[in-house]
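Data file: run29.cif. Format and content: mmCIF, C-alpha atoms.
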```cif
data_input
#
loop_
_atom_site.label_atom_id
_atom_site.label_comp_id
_atom_site.auth_asym_id
_atom_site.auth_seq_id
_atom_site.Cartn_x
_atom_site.Cartn_y
_atom_site.Cartn_z
CA MET A 8 -6.11 25.25 18.67
CA ASN A 9 -6.10 27.18 21.95
CA SER A 10 -4.63 24.30 23.91
CA GLU A 11 -1.30 22.92 25.06
CA GLN A 12 -1.50 20.22 22.38
CA GLY A 13 -2.16 22.66 19.57
CA LEU A 14 -3.20 21.48 16.12
CA THR A 15 -1.04 19.95 13.41
CA LEU A 16 -2.34 19.46 9.88
CA GLY A 17 -0.23 16.87 8.11
CA PHE A 18 -0.14 16.80 4.31
CA ASP A 19 2.08 14.38 2.39
CA GLN A 20 0.19 14.10 -0.92
CA GLY A 21 1.80 17.05 -2.69
CA VAL A 22 3.06 16.78 -6.26
CA PRO A 23 5.96 18.63 -7.93
CA ASN A 24 5.72 22.23 -9.18
CA VAL A 25 2.42 23.06 -7.48
CA GLU A 26 1.55 25.97 -5.19
CA TYR A 27 -0.55 24.92 -2.19
CA ILE A 28 -2.61 27.29 -0.06
CA LEU A 29 -3.66 26.37 3.47
CA ILE A 30 -6.50 28.38 5.01
CA VAL A 31 -7.49 27.60 8.60
CA CYS A 32 -10.61 29.26 9.98
CA GLY A 33 -11.10 29.28 13.73
CA LYS A 34 -13.66 30.96 15.98
CA ASN A 35 -12.95 31.91 19.57
CA MET A 36 -14.33 34.28 22.20
CA HIS A 37 -13.05 37.24 20.21
CA GLY A 38 -14.75 36.25 16.96
CA GLU A 39 -13.40 34.70 13.79
CA SER A 40 -9.72 34.52 12.94
CA PHE A 41 -7.99 33.21 9.85
CA ALA A 42 -4.57 31.68 9.28
CA TYR A 43 -3.25 31.73 5.72
CA GLU A 44 -0.11 30.04 4.42
CA VAL A 45 1.27 29.49 0.91
CA LYS A 46 3.91 26.89 0.08
CA SER A 47 5.21 25.63 -3.25
CA THR A 48 6.76 22.33 -4.20
CA THR A 49 9.70 22.09 -6.57
CA GLU A 50 10.61 19.64 -9.30
CA VAL A 51 11.54 16.14 -8.20
CA PRO A 52 15.34 15.98 -8.29
CA LYS A 53 16.90 13.21 -10.30
CA GLY A 54 18.03 10.25 -8.25
CA SER A 55 21.04 8.01 -8.66
CA ALA A 56 21.16 5.69 -11.67
CA GLU A 57 20.68 2.72 -9.33
CA TYR A 58 17.52 4.29 -7.87
CA GLU A 59 16.09 5.42 -11.21
CA ARG A 60 16.42 2.04 -12.95
CA TYR A 61 13.57 0.49 -10.92
CA MET A 62 11.13 3.17 -12.03
CA GLY A 63 8.65 2.73 -14.86
CA GLU A 64 5.96 0.24 -15.81
CA TRP A 65 6.26 -3.46 -15.03
CA THR A 66 4.14 -6.59 -15.30
CA VAL A 67 4.39 -8.60 -12.08
CA THR A 68 3.60 -12.33 -12.12
CA SER A 69 3.31 -14.41 -8.97
CA THR A 70 4.62 -17.97 -8.80
CA ALA A 71 1.23 -19.22 -7.56
CA SER A 72 -1.88 -18.13 -5.68
CA SER A 73 -4.07 -19.57 -2.95
CA THR A 74 -7.60 -19.30 -1.60
CA THR A 75 -10.04 -21.23 0.60
CA TRP A 76 -11.56 -23.22 -2.28
CA ALA A 77 -10.14 -26.73 -1.84
CA ASP A 78 -10.00 -27.58 -5.58
CA TYR A 79 -8.41 -24.30 -6.66
CA ASP A 80 -5.51 -24.86 -9.09
CA GLN A 81 -3.24 -22.20 -7.50
CA HIS A 82 -2.36 -20.67 -10.90
CA PRO A 83 -0.06 -17.62 -11.15
CA VAL A 84 -1.61 -14.14 -11.07
CA SER A 85 -0.34 -11.19 -13.13
CA PHE A 86 -0.92 -7.46 -12.69
CA ASP A 87 0.65 -4.25 -13.98
CA ILE A 88 2.38 -1.75 -11.71
CA LYS A 89 3.97 1.66 -12.12
CA ILE A 90 6.91 2.67 -9.93
CA GLU A 91 7.41 6.41 -9.36
CA PRO A 92 9.69 8.44 -7.06
CA PHE A 93 8.40 9.44 -3.63
CA ARG A 94 11.61 10.28 -1.75
CA VAL A 95 14.54 10.30 -4.16
CA ASP A 96 17.14 7.59 -3.51
CA SER A 97 14.99 6.27 -0.67
CA ILE A 98 11.28 5.52 -1.30
CA TYR A 99 8.99 4.78 -4.26
CA ASN A 100 5.27 5.11 -4.91
CA VAL A 101 4.06 1.85 -6.47
CA TYR A 102 0.65 1.91 -8.16
CA GLY A 103 -1.27 -1.26 -9.01
CA TRP A 104 0.32 -3.79 -6.66
CA GLY A 105 -1.72 -6.91 -5.89
CA VAL A 106 -5.23 -8.14 -6.58
CA THR A 107 -7.33 -5.38 -5.00
CA LYS A 108 -8.60 -2.14 -6.53
CA PHE A 109 -7.10 0.09 -3.82
CA THR A 110 -3.57 0.51 -5.17
CA ASP A 111 -4.83 1.96 -8.46
CA VAL A 112 -5.48 5.13 -6.42
CA TYR A 113 -3.59 4.66 -3.14
CA PRO A 114 0.02 3.68 -3.87
CA MET A 115 2.09 1.17 -1.98
CA LYS A 116 5.47 2.29 -0.65
CA MET A 117 8.56 0.33 -1.68
CA TYR A 118 12.09 1.14 -0.59
CA PHE A 119 15.53 1.49 -2.14
CA GLU A 120 18.03 -0.14 0.21
CA ASP A 121 21.62 -1.08 -0.64
CA GLY A 122 20.75 -1.08 -4.33
CA LYS A 123 17.76 -3.40 -3.82
CA LEU A 124 14.01 -2.88 -4.18
CA THR A 125 12.35 -3.87 -0.90
CA ALA A 126 8.85 -4.15 0.58
CA TRP A 127 7.96 -3.73 4.27
CA THR A 128 4.93 -4.18 6.49
CA GLY A 129 4.28 -1.89 9.44
CA ALA A 130 2.49 1.46 9.69
CA HIS A 131 5.81 3.32 10.05
CA HIS A 132 6.68 1.99 6.58
CA GLY A 133 3.44 3.32 5.08
CA SER A 134 1.80 -0.11 4.87
CA VAL A 135 -1.67 1.26 5.69
CA ILE A 136 -2.97 2.98 2.56
CA TYR A 137 -6.60 3.56 3.58
CA TYR A 138 -8.28 3.98 6.97
CA GLY A 139 -11.86 3.01 7.79
CA TYR A 140 -13.08 1.14 4.70
CA PRO A 141 -16.75 0.21 5.40
CA TYR A 142 -17.43 -3.47 4.72
CA THR A 143 -20.72 -5.38 4.58
CA ASP A 144 -20.20 -6.93 8.04
CA GLY A 145 -20.58 -3.48 9.61
CA ILE A 146 -16.89 -3.12 10.50
CA ASN A 147 -14.66 -0.36 9.16
CA TYR A 148 -11.33 -1.89 8.13
CA ASN A 149 -7.92 -0.44 7.45
CA ILE A 150 -6.39 -1.48 4.13
CA ALA A 151 -2.93 -2.68 5.12
CA LEU A 152 -0.09 -4.67 3.61
CA ASN A 153 0.19 -8.15 5.13
CA SER A 154 2.49 -11.06 4.37
CA PHE A 155 1.69 -14.73 3.75
CA MET A 156 3.51 -17.80 5.06
CA GLN A 157 3.28 -21.50 4.28
CA ALA A 158 2.42 -23.97 7.04
CA GLU A 159 3.92 -27.45 7.39
CA ASP A 160 0.81 -29.01 5.79
CA GLY A 161 1.31 -26.88 2.67
CA SER A 162 -1.53 -24.44 3.39
CA TYR A 163 -0.99 -20.69 3.52
CA ASN A 164 -1.67 -18.27 6.37
CA VAL A 165 -1.54 -14.51 6.85
CA TYR A 166 1.39 -13.47 9.04
CA MET A 167 0.92 -10.15 10.80
CA ALA A 168 3.99 -8.41 12.24
CA SER A 169 4.44 -4.91 13.63
CA GLY A 170 6.91 -4.15 10.86
CA GLU A 171 9.18 -6.44 8.86
CA LYS A 172 10.85 -6.65 5.48
CA VAL A 173 8.73 -9.03 3.39
CA GLY A 174 10.39 -8.89 -0.02
CA GLU A 175 13.59 -7.83 -1.76
CA ALA A 176 14.88 -7.84 -5.31
CA GLU A 177 18.14 -7.13 -7.11
CA TYR A 178 17.83 -5.33 -10.42
CA ALA A 179 18.46 -7.09 -13.71
CA GLU A 180 18.01 -5.50 -17.13
CA GLY A 181 14.57 -6.28 -18.57
CA GLY A 182 13.33 -8.18 -15.52
CA PHE A 183 14.08 -9.57 -12.08
CA GLU A 184 12.50 -11.50 -9.20
CA MET A 185 11.42 -10.31 -5.77
CA GLN A 186 12.10 -13.01 -3.20
CA GLY A 187 10.52 -13.56 0.20
CA VAL A 188 12.38 -12.74 3.42
CA THR A 189 12.72 -14.73 6.64
CA SER A 190 11.20 -13.06 9.72
CA LYS A 191 13.74 -11.26 11.88
CA ASP A 192 11.83 -12.27 15.03
CA TYR A 193 10.83 -15.83 14.08
CA PRO A 194 13.51 -17.60 11.98
CA ASP A 195 11.14 -20.48 11.18
CA ILE A 196 8.73 -18.11 9.40
CA LYS A 197 9.45 -16.92 5.86
CA CYS A 198 7.28 -14.54 3.87
CA VAL A 199 6.18 -16.23 0.64
CA GLY A 200 3.92 -13.43 -0.59
CA PHE A 201 2.25 -10.16 0.40
CA ASP A 202 -0.77 -8.08 -0.55
CA PHE A 203 -3.24 -5.55 0.82
CA CYS A 204 -5.90 -6.97 3.13
CA LEU A 205 -8.86 -5.69 5.10
CA SER A 206 -7.34 -5.49 8.57
CA MET A 207 -8.85 -4.59 11.92
CA GLY A 208 -8.20 -5.35 15.56
CA GLY A 209 -9.64 -4.57 18.95
CA GLN A 210 -9.44 -5.71 22.54
CA GLY A 211 -8.70 -9.44 22.29
CA TRP A 212 -9.56 -9.89 18.59
CA SER A 213 -8.18 -9.31 15.10
CA LYS A 214 -9.48 -9.97 11.60
CA ILE A 215 -7.44 -9.97 8.38
CA PHE A 216 -8.71 -11.08 4.95
CA ILE A 217 -9.15 -10.12 1.29
CA ALA A 218 -12.81 -9.81 0.30
CA PRO A 219 -13.85 -10.81 -3.25
CA GLU A 220 -15.80 -7.54 -3.46
CA VAL A 221 -12.58 -5.48 -3.42
CA VAL A 222 -10.68 -7.65 -5.93
CA ARG A 223 -10.27 -6.49 -9.53
CA PRO A 224 -13.08 -8.19 -11.52
CA GLU A 225 -10.73 -10.07 -13.84
CA LEU A 226 -8.92 -11.63 -10.86
CA VAL A 227 -11.94 -12.82 -8.83
CA ILE A 228 -12.03 -16.62 -8.51
CA LYS A 229 -15.43 -18.15 -9.33
CA ASN A 230 -16.85 -21.57 -8.51
CA GLY A 231 -20.49 -21.60 -9.49
CA ASP A 232 -22.22 -18.90 -7.46
CA GLU A 233 -19.33 -18.69 -5.00
CA THR A 234 -16.57 -16.08 -5.35
CA TYR A 235 -13.14 -16.05 -3.76
CA ALA A 236 -10.17 -13.71 -3.48
CA PRO A 237 -6.72 -14.93 -4.59
CA TYR A 238 -3.75 -14.57 -2.25
CA ILE A 239 -0.61 -14.10 -4.35
CA ILE A 240 2.42 -16.28 -3.64
CA GLY A 241 5.96 -15.38 -4.71
CA PRO A 242 8.65 -15.15 -5.79
CA PHE A 243 7.31 -12.33 -7.96
CA LYS A 244 8.70 -11.91 -11.47
CA PHE A 245 9.02 -8.30 -12.72
CA THR A 246 9.02 -7.86 -16.51
CA ARG A 247 9.61 -4.43 -18.01
CA LYS A 248 6.65 -3.29 -20.11
CA SER A 249 7.34 -1.99 -23.61
CA THR A 250 4.89 0.85 -24.03
CA THR A 251 4.53 3.91 -26.21
CA GLU A 252 2.15 5.57 -23.76
CA ALA A 253 3.08 8.87 -22.15
CA THR A 254 4.97 8.41 -18.91
CA THR A 255 3.05 11.08 -17.00
CA SER A 256 3.24 10.62 -13.25
CA ARG A 257 0.24 8.67 -11.91
CA THR A 258 0.31 10.84 -8.79
CA ILE A 259 0.12 14.05 -10.83
CA SER A 260 -2.68 12.64 -13.01
CA LEU A 261 -4.78 11.65 -9.99
CA ASN A 262 -4.32 15.05 -8.38
CA LYS A 263 -5.26 16.80 -11.63
CA LYS A 264 -8.51 14.81 -11.80
CA LEU A 265 -9.35 15.87 -8.25
CA LEU A 266 -8.78 19.52 -9.13
CA GLU A 267 -10.94 19.23 -12.25
CA ARG A 268 -13.79 17.87 -10.08
CA ASN A 269 -13.23 20.64 -7.49
CA GLU A 270 -12.42 18.02 -4.87
CA CYS A 271 -9.92 18.35 -2.06
CA LEU A 272 -6.86 16.27 -1.32
CA PRO A 273 -6.93 14.25 1.92
CA VAL A 274 -5.40 15.82 5.01
CA LYS A 275 -4.48 13.89 8.15
CA LEU A 276 -5.60 15.58 11.36
CA MET A 277 -2.98 15.17 14.07
CA VAL A 278 -3.05 16.10 17.73
CA ASP A 279 0.23 16.31 19.61
CA LYS A 280 1.94 15.11 16.40
CA LYS A 281 0.29 11.68 16.56
CA ALA A 282 -2.18 10.60 13.87
CA ILE A 283 -5.60 9.56 15.09
CA GLU A 284 -5.73 5.88 14.10
CA SER A 285 -7.65 2.77 15.06
CA GLU A 286 -6.23 0.07 17.29
CA PRO A 287 -3.52 -1.99 15.58
CA VAL A 288 -4.08 -5.58 14.56
CA ALA A 289 -2.34 -7.98 16.93
CA SER A 290 0.79 -9.71 15.66
CA GLY A 291 0.37 -13.39 14.87
CA ILE A 292 -0.69 -15.97 12.29
CA TYR A 293 -4.19 -15.93 10.77
CA LYS A 294 -5.91 -18.46 8.53
CA ILE A 295 -6.61 -17.26 5.01
CA GLY A 296 -10.29 -16.35 4.64
CA ARG A 297 -12.59 -15.46 1.77
#
```

Could you write out this structure as structure tokens?
Amino acid sequence: MNSEQGLTLGFDQGVPNVEYILIVCGKNMHGESFAYEVKSTTEVPKGSAEYERYMGEWTVTSTASSTTWADYDQHPVSFDIKIEPFRVDSIYNVYGWGVTKFTDVYPMKMYFEDGKLTAWTGAHHGSVIYYGYPYTDGINYNIALNSFMQAEDGSYNVYMASGEKVGEAEYAEGGFEMQGVTSKDYPDIKCVGFDFCLSMGGQGWSKIFIAPEVVRPELVIKNGDETYAPYIIGPFKFTRKSTTEATTSRTISLNKKLLERNECLPVKLMVDKKAIESEPVASGIYKIGR
């Protein structure tokens, strides 16, 4: 802390109507010193009617799915999501997107743009929801949103870009479809699906895939003793769920469980206002892997 860079503690996981206390303990040549700060969040303000109408619980069904198993029937995949406000009239938290277990706890960000619901890749759009997931190959992967494209031979590949819109939908009462978007940099590439993948890159190499071990059990593809992860292909159909369950915020519920277990919320450590992150995955096209 006694440096030109200083120390910034970033915290963006707060929930409404909660008082947060930050205590920083530092030791220097003069002994211990403490910094103490109290801040409170307020209620989430109500957004515009156009923004609010996307919120709630939906069942999402893909048009098809793909994997590396040659005889796979490419059947549609369905999953339930919950859309909650993150930044009113601007950004949503979306829990449950895709085939992996991660988004049950770490929400995806979707955006409200010109009355449409949109999805983006790129770290500056919050597409990395978990850093340093340890996998069995000894590599720690980031869990990041990646898009899928279809090659001329009909096969599907992962398309990694530094940040692009990969889906957009116009609201319709009861249900609507999210369509893929053509790449702004490569007009011959169109996103046909997107999901969270294990992603990692280094000097001269990159690796992007969905591992069967991180897929929800009911969605794992099985062929004898072999298991595969499905890659979901759009357009994606959103159908409003009719439910009598309480509509308590998923974010608030998760934070309450942490407090009940006396656990802390994650805090990003930043130096010179830049988050400490791993090297980004190189842009390009990658074959779908298991």

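With all atoms listed in the file as the atoms that count, the residue of A:Trp65, A:Tyr99, A:Tyr235, A:Tyr27 with the shortest distance to A:Lys46 is A:Tyr27.
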
### Task
List every protein, DNA or RNA residue with an atom no more than 12 Å from (17.5, -2.5, -2.5) in the file's coordinates, counting all atoms listed in the file, and format the result as number ranges by chain.
A: 57-61, 96-99, 117-127, 172, 174-178, 185-186

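Here atom CA of A:Phe216 is placed at a distance of 11.9 Å from atom CA of A:Phe201.
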
### Task
To verify the selection step, state as a PyMOL selection string which residues the PyMOL selection byres ((chain A and resi 29) around 7) yields on this input.
chain A and resi 27-28+30-31+43-45

### Residues in the PyMOL selection byres ((chain A and resi 73-83) around 10), expressed as a list in words
Thr68, Ser69, Thr70, Ala71, Ser72, Val84, Ser85, Ser162, Tyr163, Asn164, Ile217, Ile228, Lys229, Asn230, Glu233, Thr234, Tyr235, Ala236, Pro237, Tyr238, Ile239, Ile240, Gly241, Phe243, Lys294, Ile295, Gly296 and Arg297 of chain A

Please write the residues from the selection above to a file, keeping C-alpha atoms, as a PDB file, in the frame of the given file.
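The new file result-v7.pdb reads:
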```pdb
ATOM      1  CA  THR A  68       3.600 -12.330 -12.120  1.00  0.00           C
ATOM      2  CA  SER A  69       3.310 -14.410  -8.970  1.00  0.00           C
ATOM      3  CA  THR A  70       4.620 -17.970  -8.800  1.00  0.00           C
ATOM      4  CA  ALA A  71       1.230 -19.220  -7.560  1.00  0.00           C
ATOM      5  CA  SER A  72      -1.880 -18.130  -5.680  1.00  0.00           C
ATOM      6  CA  VAL A  84      -1.610 -14.140 -11.070  1.00  0.00           C
ATOM      7  CA  SER A  85      -0.340 -11.190 -13.130  1.00  0.00           C
ATOM      8  CA  SER A 162      -1.530 -24.440   3.390  1.00  0.00           C
ATOM      9  CA  TYR A 163      -0.990 -20.690   3.520  1.00  0.00           C
ATOM     10  CA  ASN A 164      -1.670 -18.270   6.370  1.00  0.00           C
ATOM     11  CA  ILE A 217      -9.150 -10.120   1.290  1.00  0.00           C
ATOM     12  CA  ILE A 228     -12.030 -16.620  -8.510  1.00  0.00           C
ATOM     13  CA  LYS A 229     -15.430 -18.150  -9.330  1.00  0.00           C
ATOM     14  CA  ASN A 230     -16.850 -21.570  -8.510  1.00  0.00           C
ATOM     15  CA  GLU A 233     -19.330 -18.690  -5.000  1.00  0.00           C
ATOM     16  CA  THR A 234     -16.570 -16.080  -5.350  1.00  0.00           C
ATOM     17  CA  TYR A 235     -13.140 -16.050  -3.760  1.00  0.00           C
ATOM     18  CA  ALA A 236     -10.170 -13.710  -3.480  1.00  0.00           C
ATOM     19  CA  PRO A 237      -6.720 -14.930  -4.590  1.00  0.00           C
ATOM     20  CA  TYR A 238      -3.750 -14.570  -2.250  1.00  0.00           C
ATOM     21  CA  ILE A 239      -0.610 -14.100  -4.350  1.00  0.00           C
ATOM     22  CA  ILE A 240       2.420 -16.280  -3.640  1.00  0.00           C
ATOM     23  CA  GLY A 241       5.960 -15.380  -4.710  1.00  0.00           C
ATOM     24  CA  PHE A 243       7.310 -12.330  -7.960  1.00  0.00           C
ATOM     25  CA  LYS A 294      -5.910 -18.460   8.530  1.00  0.00           C
ATOM     26  CA  ILE A 295      -6.610 -17.260   5.010  1.00  0.00           C
ATOM     27  CA  GLY A 296     -10.290 -16.350   4.640  1.00  0.00           C
ATOM     28  CA  ARG A 297     -12.590 -15.460   1.770  1.00  0.00           C
TER      29      ARG A 297
END
```

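Take the candidates A:Pro114, A:Cys204, A:Met156, A:Glu184 and check each one against A:Val67 using all atoms listed in the file; the shortest distance goes to A:Glu184.
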
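For the atom pair formed by atom CA of A:Ile146 and atom CA of A:Leu205, the distance is 10.0 Å, given to one decimal.
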
#### Entry: For stretch 131-134 of chain A: contacts at 7 Å, only C-alpha atoms, fewer than 4 positions along chain excluded, given as a PyMOL selection string
chain A and resi 115-116+127+151-152

### Message
Evaluate the PyMOL selection byres ((chain A and resi 246) around 7) against this structure - the residues, as an MDAnalysis selection string, please.
### Response
chainID A and resid 65:67 181:183 244:245 247:248

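The closest residue to A:Ile196, picked from A:Phe93, A:Tyr102, A:Tyr137, A:Phe155 and counting all atoms listed in the file, is A:Phe155.
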
### Exercise: A:Ser206 partners within 10 Å, only C-alpha atoms, chain neighbours under 2 positions left out, as a VMD selection string
chain A and resid 135 138 to 140 147 to 153 167 203 to 204 208 213 to 217 287 to 288

### Message
I'd like the interatomic distance between atom CA of A:Asp202 and atom CA of A:Phe86, to a tenth of an Å.
### Response
12.2 Å

Within 8 Å of A:Pro52 using all atoms listed in the file, minus same-chain residues under 2 positions, as an mmCIF file with C-alpha atoms, keeping the file's coordinate frame:
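Here's the written file selection-v4.cif:
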```
data_model
loop_
_atom_site.group_PDB
_atom_site.id
_atom_site.type_symbol
_atom_site.label_atom_id
_atom_site.label_comp_id
_atom_site.auth_asym_id
_atom_site.auth_seq_id
_atom_site.Cartn_x
_atom_site.Cartn_y
_atom_site.Cartn_z
ATOM 1 C CA GLU A 50 10.610 19.640 -9.300
ATOM 2 C CA GLY A 54 18.030 10.250 -8.250
ATOM 3 C CA VAL A 95 14.540 10.300 -4.160
#
```

Please output stretch 57-86 of chain A, rebuilt to include N, CA and C atoms, as a JSON list (two decimals), in the coordinates of the input.
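Once written, rebuild-v4.json looks like this:
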```json
[["chain", "number", "residue", "atom", "x", "y", "z"],
["A", 57, "GLU", "N", 21.14, 3.97, -9.96],
["A", 57, "GLU", "CA", 20.68, 2.72, -9.33],
["A", 57, "GLU", "C", 19.24, 2.86, -8.84],
["A", 58, "TYR", "N", 18.89, 4.04, -8.33],
["A", 58, "TYR", "CA", 17.52, 4.29, -7.87],
["A", 58, "TYR", "C", 16.56, 4.40, -9.05],
["A", 59, "GLU", "N", 16.97, 5.14, -10.08],
["A", 59, "GLU", "CA", 16.09, 5.42, -11.21],
["A", 59, "GLU", "C", 15.76, 4.17, -12.03],
["A", 60, "ARG", "N", 16.63, 3.18, -12.05],
["A", 60, "ARG", "CA", 16.42, 2.04, -12.95],
["A", 60, "ARG", "C", 15.22, 1.18, -12.56],
["A", 61, "TYR", "N", 14.76, 1.26, -11.31],
["A", 61, "TYR", "CA", 13.57, 0.49, -10.92],
["A", 61, "TYR", "C", 12.28, 1.17, -11.36],
["A", 62, "MET", "N", 12.34, 2.43, -11.72],
["A", 62, "MET", "CA", 11.13, 3.17, -12.03],
["A", 62, "MET", "C", 10.59, 2.81, -13.41],
["A", 63, "GLY", "N", 9.29, 3.03, -13.59],
["A", 63, "GLY", "CA", 8.65, 2.73, -14.86],
["A", 63, "GLY", "C", 7.53, 1.73, -14.69],
["A", 64, "GLU", "N", 7.10, 1.16, -15.80],
["A", 64, "GLU", "CA", 5.96, 0.24, -15.81],
["A", 64, "GLU", "C", 6.45, -1.21, -15.93],
["A", 65, "TRP", "N", 5.87, -2.06, -15.09],
["A", 65, "TRP", "CA", 6.26, -3.46, -15.03],
["A", 65, "TRP", "C", 5.01, -4.35, -14.98],
["A", 66, "THR", "N", 5.13, -5.54, -15.54],
["A", 66, "THR", "CA", 4.14, -6.59, -15.30],
["A", 66, "THR", "C", 4.71, -7.53, -14.25],
["A", 67, "VAL", "N", 3.95, -7.72, -13.17],
["A", 67, "VAL", "CA", 4.39, -8.60, -12.08],
["A", 67, "VAL", "C", 3.58, -9.89, -12.15],
["A", 68, "THR", "N", 4.27, -11.02, -12.08],
["A", 68, "THR", "CA", 3.60, -12.33, -12.12],
["A", 68, "THR", "C", 4.01, -13.13, -10.89],
["A", 69, "SER", "N", 3.02, -13.59, -10.15],
["A", 69, "SER", "CA", 3.31, -14.41, -8.97],
["A", 69, "SER", "C", 3.68, -15.83, -9.41],
["A", 70, "THR", "N", 4.30, -16.56, -8.52],
["A", 70, "THR", "CA", 4.62, -17.97, -8.80],
["A", 70, "THR", "C", 3.37, -18.82, -8.71],
["A", 71, "ALA", "N", 2.47, -18.47, -7.78],
["A", 71, "ALA", "CA", 1.23, -19.22, -7.56],
["A", 71, "ALA", "C", 0.25, -18.30, -6.85],
["A", 72, "SER", "N", -0.90, -18.85, -6.49],
["A", 72, "SER", "CA", -1.88, -18.13, -5.68],
["A", 72, "SER", "C", -2.65, -19.15, -4.86],
["A", 73, "SER", "N", -3.33, -18.67, -3.83],
["A", 73, "SER", "CA", -4.07, -19.57, -2.95],
["A", 73, "SER", "C", -5.40, -18.95, -2.57],
["A", 74, "THR", "N", -6.33, -19.78, -2.12],
["A", 74, "THR", "CA", -7.60, -19.30, -1.60],
["A", 74, "THR", "C", -8.20, -20.41, -0.75],
["A", 75, "THR", "N", -9.43, -20.23, -0.27],
["A", 75, "THR", "CA", -10.04, -21.23, 0.60],
["A", 75, "THR", "C", -10.77, -22.32, -0.17],
["A", 76, "TRP", "N", -10.91, -22.19, -1.46],
["A", 76, "TRP", "CA", -11.56, -23.22, -2.28],
["A", 76, "TRP", "C", -10.60, -24.41, -2.42],
["A", 77, "ALA", "N", -11.02, -25.56, -1.94],
["A", 77, "ALA", "CA", -10.14, -26.73, -1.84],
["A", 77, "ALA", "C", -9.61, -27.19, -3.19],
["A", 78, "ASP", "N", -10.41, -27.08, -4.26],
["A", 78, "ASP", "CA", -10.00, -27.58, -5.58],
["A", 78, "ASP", "C", -9.36, -26.51, -6.46],
["A", 79, "TYR", "N", -9.01, -25.39, -5.89],
["A", 79, "TYR", "CA", -8.41, -24.30, -6.66],
["A", 79, "TYR", "C", -7.04, -24.73, -7.19],
["A", 80, "ASP", "N", -6.73, -24.36, -8.45],
["A", 80, "ASP", "CA", -5.51, -24.86, -9.09],
["A", 80, "ASP", "C", -4.25, -24.05, -8.77],
["A", 81, "GLN", "N", -4.38, -23.00, -7.96],
["A", 81, "GLN", "CA", -3.24, -22.20, -7.50],
["A", 81, "GLN", "C", -2.42, -21.61, -8.66],
["A", 82, "HIS", "N", -3.08, -21.20, -9.74],
["A", 82, "HIS", "CA", -2.36, -20.67, -10.90],
["A", 82, "HIS", "C", -1.73, -19.31, -10.58],
["A", 83, "PRO", "N", -0.68, -18.94, -11.34],
["A", 83, "PRO", "CA", -0.06, -17.62, -11.15],
["A", 83, "PRO", "C", -1.04, -16.49, -11.46],
["A", 84, "VAL", "N", -0.79, -15.34, -10.86],
["A", 84, "VAL", "CA", -1.61, -14.14, -11.07],
["A", 84, "VAL", "C", -0.70, -13.02, -11.56],
["A", 85, "SER", "N", -1.13, -12.30, -12.59],
["A", 85, "SER", "CA", -0.34, -11.19, -13.13],
["A", 85, "SER", "C", -1.10, -9.87, -12.98],
["A", 86, "PHE", "N", -0.35, -8.80, -12.77],
["A", 86, "PHE", "CA", -0.92, -7.46, -12.69],
["A", 86, "PHE", "C", 0.15, -6.46, -13.09]]
```
